[in-house]
Protein chains: 2
Amino acid sequence: MARATADRAKDRGALSPADHQRVVQALGPDAPDSPDSPALPQEPTPPVVVTSPQEFRTLLRSRAVALGPEATVGFVPTMGALHDGHGHLVRQARAENDLVAVSIFVNPLQFGPGEDLSRYPSDLPGDLARLTELGVDVVFAPAVEDMYPGGLPLVRVSSGELGNQLEGSSRPGHFDGVLTVVAKLFALVTGGHQVRAYFGQKDAQQLLIIQRMVRDLNVDVQICPVAIVRAPDGLALSSRNAYLNDDERAAALVLSRTLQELAQGAVTVEQARDAINVQQIGAGPDTVELDYLTVVDPQTLQPVDPVPGTLALVAARVGTTRLIDNHHL
Amino acid sequence: MARATADRAKDRGALSPADHQRVVQALGPDAPDSPDSPALPQEPTPPVVVTSPQEFRTLLRSRAVALGPEATVGFVPTMGALHDGHGHLVRQARAENDLVAVSIFVNPLQFGPGEDLSRYPSDLPGDLARLTELGVDVVFAPAVEDMYPGGLPLVRVSSGELGNQLEGSSRPGHFDGVLTVVAKLFALVTGGHQVRAYFGQKDAQQLLIIQRMVRDLNVDVQICPVAIVRAPDGLALSSRNAYLNDDERAAALVLSRTLQELAQGAVTVEQARDAINVQQIGAGPDTVELDYLTVVDPQTLQPVDPVPGTLALVAARVGTTRLIDNHHL
């Protein structure tokens, strides 16, 4: 409902002045005009940007209430530096929900010592331009002090054994950090309305662990997985691709190419590992350094034989950049 | 709003037939009649009892919606075997909220191996009679399989350093189990309406850790501490008091008596410890076995000098029963 609709509803007595006031407040200053308003230029309306958790909760809830009891919220948590992979998440959220909220927060809790927290790419103006084009309603872009006032949390969500293997074994504490911030964000976006949250399948282990958290902790959010988005040459899109120079980017293609060959049955797991391990970056001495390539049960992450329905996961360091990718067999 | 009120509102056009239907469904079959109904016996109406988490969430939410946007829910999580201490929690919840829900669930996750899970007291019929008298609206009494379908959760809430000391050092994993089940229950009772949750101050460390969870994970619940309820002789009420024989119960009084003397400045911490350690149970050889008696900062649980504003905590084994108590200095 746009402002003009609310005004007319009040004029004909369908909305009390108090309810009208509530609706107008809920719509907020930036609410787009509906098609039944007098003709206006169809510039995309920028999202409302909030930084306070409480304000984010209140805004989302009041907008959902104004849309009625069946209103749904699509939520896309991100660390910014948005690329077309995020674009797919947001487009799906936009297509399936009445309201769309995106969070942009580089969560220190999920970075280990020596990881790339300090150099993690950031481009808030570019992100907001992209989210405006995508028709996002609300952007939550808190500072670290907004999310962790008084310091890092003492109480955290623990991913247990699911989070200690694969990525977790190279990045101790990573998934506990992810779950803790996602639990906080979910606590802010839920509140009576239906919430769908969108996660990319590139981070397969993260997706599984978040699905498990929702189930284990009765979180009232529906998790919607979105397929990996790849560059034309096959590289899975990632904010961390921005770290790669041309030689590294070319070398990184071995990951997606090898997964594809594995999925087609053209190579064995051992051959796939060898193919990655011999990959050189440019003419220099550096190599692509394989962390793991393994085939797992997609529900338990336990290693299994590479049969249809299983999931091949790969992680490797290309230059100084750690990349992951995966492919369903 | 009772059924009769809803009917009259529909008759005079204040409620649409669809809204009337929604309200009637939300009120449920056991909704008490309001005073403006034709005279009926004023028997207390038993609470609606549900065992399914999803049903609990849906019922509470629909009842809150039917009561309007300002409806508040008071929630009292318990492990059953209710005593007057619980009665105080429920009475305060009843006085301060439109709807009152009580959960009864003996949570295996918070019991260690060798603890009293298998003999923990249970009296569902007695509990329901008590909750009927107290005017509770909804009782959530799930089985273990309802709360932990498919086995114990992999993803849990971790209490960190706050949960490793005092009770946590005698009961490893206890507070992670408490937080995990409380997080699940909170996820079920929240949903757009304001929620107040009531916890007794007897479990001082538990209360602090739950308050910290709410803050650290942005849980949308207001925690309401309720003062310790004591028997006339001073013993803090606890479901575990049911384990004590007469001699043990008499011996257990040394805990509350000593805390009181400490709070009055009549004894030092060291003298208080000695007073408990020399306590005999009846004529037998058993003694009251002190686990800890310490004075802490109520916010951090760090040991401090016994000055006003600090908190004295005690834990001891009396016979085979572990008891705790505390007193603000």
# chains A, B, ... in the order shown; residues from 1 in each chain; ligands from 1

$ closest_atom_pairs --of "chain A" --to "chain B" --cutoff "6 Å" --atoms "only C-alpha atoms" --output "CSV"
residue,atom,partner,partner_atom,distance
A:Pro153,CA,B:Asp216,CA,5.3
A:Leu154,CA,B:Gly160,CA,5.7
A:Val155,CA,B:Ser159,CA,4.8
A:Arg156,CA,B:Ser158,CA,5.3
A:Val157,CA,B:Val157,CA,4.4
A:Ser158,CA,B:Arg156,CA,5.3
A:Ser159,CA,B:Val155,CA,4.8
A:Gly160,CA,B:Leu154,CA,5.7
A:Lys184,CA,B:Leu217,CA,4.8
A:Ala187,CA,B:Val219,CA,5.8
A:Gly191,CA,B:Gly191,CA,4.0
A:Gly192,CA,B:Gly191,CA,4.0
A:Met213,CA,B:Val155,CA,5.5
A:Asp216,CA,B:Pro153,CA,5.3
A:Leu217,CA,B:Lys184,CA,4.8
A:Asn218,CA,B:Lys184,CA,5.4
A:Val219,CA,B:Ala187,CA,5.8

$ residues_around --residues "region 292-301 of chain B" --least-positions-apart "3" --cutoff "6 Å" --atoms "only C-alpha atoms" --output "PyMOL selection string"
chain B and resi 304+306+310-315

$ write_last_selection --atoms "N, CA, C and O atoms" --output "PDB file, in the first residue's frame"
ATOM      1  N   VAL B 304      35.011 -11.283  44.240  1.00  0.00           N
ATOM      2  CA  VAL B 304      35.290  -9.928  44.744  1.00  0.00           C
ATOM      3  C   VAL B 304      35.199  -9.961  46.266  1.00  0.00           C
ATOM      4  O   VAL B 304      34.731 -10.938  46.852  1.00  0.00           O
ATOM      5  N   PRO B 306      33.591  -9.131  49.863  1.00  0.00           N
ATOM      6  CA  PRO B 306      32.173  -9.107  50.234  1.00  0.00           C
ATOM      7  C   PRO B 306      31.709  -7.725  50.676  1.00  0.00           C
ATOM      8  O   PRO B 306      31.610  -7.454  51.873  1.00  0.00           O
ATOM      9  N   THR B 310      27.435  -6.922  46.148  1.00  0.00           N
ATOM     10  CA  THR B 310      27.979  -8.177  45.615  1.00  0.00           C
ATOM     11  C   THR B 310      27.020  -9.321  45.935  1.00  0.00           C
ATOM     12  O   THR B 310      26.002  -9.132  46.607  1.00  0.00           O
ATOM     13  N   LEU B 311      27.348 -10.495  45.443  1.00  0.00           N
ATOM     14  CA  LEU B 311      26.433 -11.632  45.536  1.00  0.00           C
ATOM     15  C   LEU B 311      27.186 -12.826  46.112  1.00  0.00           C
ATOM     16  O   LEU B 311      28.231 -13.210  45.599  1.00  0.00           O
ATOM     17  N   ALA B 312      26.641 -13.399  47.187  1.00  0.00           N
ATOM     18  CA  ALA B 312      27.246 -14.603  47.780  1.00  0.00           C
ATOM     19  C   ALA B 312      26.534 -15.821  47.211  1.00  0.00           C
ATOM     20  O   ALA B 312      25.306 -15.898  47.205  1.00  0.00           O
ATOM     21  N   LEU B 313      27.329 -16.758  46.696  1.00  0.00           N
ATOM     22  CA  LEU B 313      26.789 -17.968  46.075  1.00  0.00           C
ATOM     23  C   LEU B 313      27.274 -19.182  46.853  1.00  0.00           C
ATOM     24  O   LEU B 313      28.441 -19.238  47.238  1.00  0.00           O
ATOM     25  N   VAL B 314      26.387 -20.162  47.023  1.00  0.00           N
ATOM     26  CA  VAL B 314      26.808 -21.379  47.691  1.00  0.00           C
ATOM     27  C   VAL B 314      26.260 -22.589  46.941  1.00  0.00           C
ATOM     28  O   VAL B 314      25.162 -22.525  46.356  1.00  0.00           O
ATOM     29  N   ALA B 315      27.048 -23.650  46.916  1.00  0.00           N
ATOM     30  CA  ALA B 315      26.600 -24.940  46.388  1.00  0.00           C
ATOM     31  C   ALA B 315      27.158 -26.017  47.284  1.00  0.00           C
ATOM     32  O   ALA B 315      28.325 -25.943  47.689  1.00  0.00           O
TER      33      ALA B 315
END

$ residues_around --residues "Leu235 (chain A)" --least-positions-apart "3" --cutoff "7 Å" --atoms "only C-alpha atoms" --output "PyMOL selection string"
chain A and resi 230-231+253+256

$ write_last_selection --atoms "N, CA and C atoms" --output "mmCIF file, in the first residue's frame"
data_model
loop_
_atom_site.group_PDB
_atom_site.id
_atom_site.type_symbol
_atom_site.label_atom_id
_atom_site.label_comp_id
_atom_site.auth_asym_id
_atom_site.auth_seq_id
_atom_site.Cartn_x
_atom_site.Cartn_y
_atom_site.Cartn_z
ATOM 1 N N ARG A 230 28.331 -18.576 -11.883
ATOM 2 C CA ARG A 230 29.707 -18.683 -12.389
ATOM 3 C C ARG A 230 29.973 -17.647 -13.465
ATOM 4 N N ALA A 231 31.219 -17.211 -13.553
ATOM 5 C CA ALA A 231 31.645 -16.396 -14.689
ATOM 6 C C ALA A 231 31.562 -17.275 -15.950
ATOM 7 N N LEU A 253 40.929 -21.369 -12.477
ATOM 8 C CA LEU A 253 39.919 -22.087 -13.261
ATOM 9 C C LEU A 253 40.051 -23.599 -13.126
ATOM 10 N N SER A 256 37.042 -25.178 -10.880
ATOM 11 C CA SER A 256 35.728 -25.464 -11.453
ATOM 12 C C SER A 256 35.828 -26.501 -12.570
#

$ atom_distance --atom1 "CA of Gly168 (chain A)" --atom2 "CA of Gln205 (chain A)"
9.1 Å

$ residues_around --residues "region 91-101 of chain A" --least-positions-apart "4" --cutoff "10 Å" --atoms "only C-alpha atoms" --output "VMD selection string"
chain A and resid 47 to 49 56 60 63 to 64 67 70 to 77 86 to 87 131 134 to 140 189 194 to 198 224 226

$ residues_around --residues "His83 (chain A)" --least-positions-apart "2" --cutoff "12 Å" --atoms "only C-alpha atoms" --output "PyMOL selection string"
chain A and resi 78-81+85-90+121-123+126-131+229-231+236-242

$ atom_distance --atom1 "CA of Val307 (chain A)" --atom2 "CA of Val267 (chain A)"
12.9 Å

$ closest_residue --among "A:Ile228, A:Ala251, A:Pro172, A:Ala143" --to "Thr321 (chain A)" --atoms "only C-alpha atoms"
A:Ala251

$ decode --residues "region 120-160 of chain A" --atoms "N, CA and C atoms" --output "compact mmCIF listing (two decimals), in the first residue's frame"
# COMPACT_ATOMS: atom_id res chain seq x y z
N TYR A 120 39.38 -7.30 3.58
CA TYR A 120 38.17 -7.79 2.91
C TYR A 120 37.55 -6.65 2.10
N PRO A 121 37.20 -6.91 0.82
CA PRO A 121 36.75 -5.80 -0.03
C PRO A 121 35.47 -5.16 0.49
N SER A 122 35.34 -3.86 0.23
CA SER A 122 34.18 -3.11 0.72
C SER A 122 33.84 -2.03 -0.29
N ASP A 123 32.56 -1.86 -0.59
CA ASP A 123 32.15 -0.84 -1.57
C ASP A 123 30.68 -0.49 -1.30
N LEU A 124 30.44 0.20 -0.18
CA LEU A 124 29.05 0.49 0.20
C LEU A 124 28.30 1.30 -0.86
N PRO A 125 28.90 2.37 -1.44
CA PRO A 125 28.15 3.11 -2.48
C PRO A 125 27.79 2.22 -3.66
N GLY A 126 28.74 1.41 -4.12
CA GLY A 126 28.45 0.49 -5.23
C GLY A 126 27.39 -0.52 -4.84
N ASP A 127 27.46 -1.03 -3.60
CA ASP A 127 26.47 -2.00 -3.14
C ASP A 127 25.07 -1.37 -3.13
N LEU A 128 24.99 -0.13 -2.62
CA LEU A 128 23.66 0.51 -2.52
C LEU A 128 23.09 0.79 -3.91
N ALA A 129 23.95 1.16 -4.86
CA ALA A 129 23.47 1.39 -6.22
C ALA A 129 22.90 0.09 -6.79
N ARG A 130 23.63 -1.00 -6.56
CA ARG A 130 23.18 -2.30 -7.06
C ARG A 130 21.85 -2.70 -6.39
N LEU A 131 21.75 -2.49 -5.08
CA LEU A 131 20.54 -2.90 -4.36
C LEU A 131 19.35 -2.00 -4.71
N THR A 132 19.64 -0.75 -5.09
CA THR A 132 18.57 0.12 -5.58
C THR A 132 18.00 -0.43 -6.88
N GLU A 133 18.90 -0.79 -7.79
CA GLU A 133 18.45 -1.36 -9.07
C GLU A 133 17.63 -2.63 -8.85
N LEU A 134 17.99 -3.38 -7.83
CA LEU A 134 17.33 -4.66 -7.58
C LEU A 134 16.02 -4.50 -6.81
N GLY A 135 15.71 -3.26 -6.41
CA GLY A 135 14.43 -3.01 -5.76
C GLY A 135 14.35 -3.47 -4.31
N VAL A 136 15.49 -3.41 -3.62
CA VAL A 136 15.51 -3.80 -2.20
C VAL A 136 14.85 -2.71 -1.36
N ASP A 137 14.09 -3.12 -0.35
CA ASP A 137 13.37 -2.16 0.49
C ASP A 137 14.22 -1.61 1.62
N VAL A 138 14.94 -2.49 2.30
CA VAL A 138 15.66 -2.08 3.51
C VAL A 138 17.07 -2.68 3.48
N VAL A 139 18.06 -1.85 3.77
CA VAL A 139 19.44 -2.33 3.92
C VAL A 139 19.86 -2.10 5.37
N PHE A 140 20.35 -3.15 5.97
CA PHE A 140 20.87 -3.06 7.34
C PHE A 140 22.39 -3.11 7.25
N ALA A 141 23.03 -1.99 7.57
CA ALA A 141 24.49 -1.89 7.42
C ALA A 141 25.10 -1.41 8.74
N PRO A 142 25.11 -2.29 9.75
CA PRO A 142 25.60 -1.88 11.06
C PRO A 142 27.11 -1.79 11.11
N ALA A 143 27.63 -0.99 12.03
CA ALA A 143 29.05 -1.02 12.36
C ALA A 143 29.29 -2.18 13.34
N VAL A 144 30.55 -2.53 13.52
CA VAL A 144 30.88 -3.61 14.46
C VAL A 144 30.30 -3.30 15.84
N GLU A 145 30.36 -2.02 16.26
CA GLU A 145 29.87 -1.66 17.60
C GLU A 145 28.35 -1.78 17.69
N ASP A 146 27.67 -1.68 16.55
CA ASP A 146 26.21 -1.87 16.57
C ASP A 146 25.87 -3.34 16.81
N MET A 147 26.63 -4.21 16.20
CA MET A 147 26.33 -5.64 16.33
C MET A 147 26.90 -6.22 17.62
N TYR A 148 28.06 -5.69 18.03
CA TYR A 148 28.71 -6.24 19.23
C TYR A 148 29.01 -5.12 20.22
N PRO A 149 27.96 -4.49 20.75
CA PRO A 149 28.23 -3.40 21.69
C PRO A 149 28.91 -3.95 22.93
N GLY A 150 29.92 -3.26 23.39
CA GLY A 150 30.63 -3.73 24.60
C GLY A 150 31.59 -4.87 24.32
N GLY A 151 31.87 -5.13 23.04
CA GLY A 151 32.85 -6.17 22.73
C GLY A 151 32.21 -7.42 22.15
N LEU A 152 33.05 -8.36 21.79
CA LEU A 152 32.55 -9.58 21.16
C LEU A 152 31.66 -10.36 22.13
N PRO A 153 30.68 -11.10 21.63
CA PRO A 153 29.73 -11.79 22.50
C PRO A 153 30.38 -12.90 23.31
N LEU A 154 29.92 -13.07 24.54
CA LEU A 154 30.35 -14.20 25.36
C LEU A 154 29.52 -15.44 25.02
N VAL A 155 28.23 -15.23 24.81
CA VAL A 155 27.36 -16.34 24.43
C VAL A 155 27.35 -16.41 22.91
N ARG A 156 27.62 -17.59 22.38
CA ARG A 156 27.71 -17.75 20.93
C ARG A 156 26.97 -19.00 20.51
N VAL A 157 26.74 -19.13 19.22
CA VAL A 157 26.16 -20.36 18.70
C VAL A 157 27.30 -21.24 18.22
N SER A 158 27.23 -22.50 18.59
CA SER A 158 28.32 -23.42 18.27
C SER A 158 27.88 -24.43 17.22
N SER A 159 28.74 -24.62 16.22
CA SER A 159 28.38 -25.49 15.10
C SER A 159 28.74 -26.95 15.36
N GLY A 160 29.41 -27.21 16.49
CA GLY A 160 29.72 -28.60 16.84
C GLY A 160 30.54 -29.31 15.78
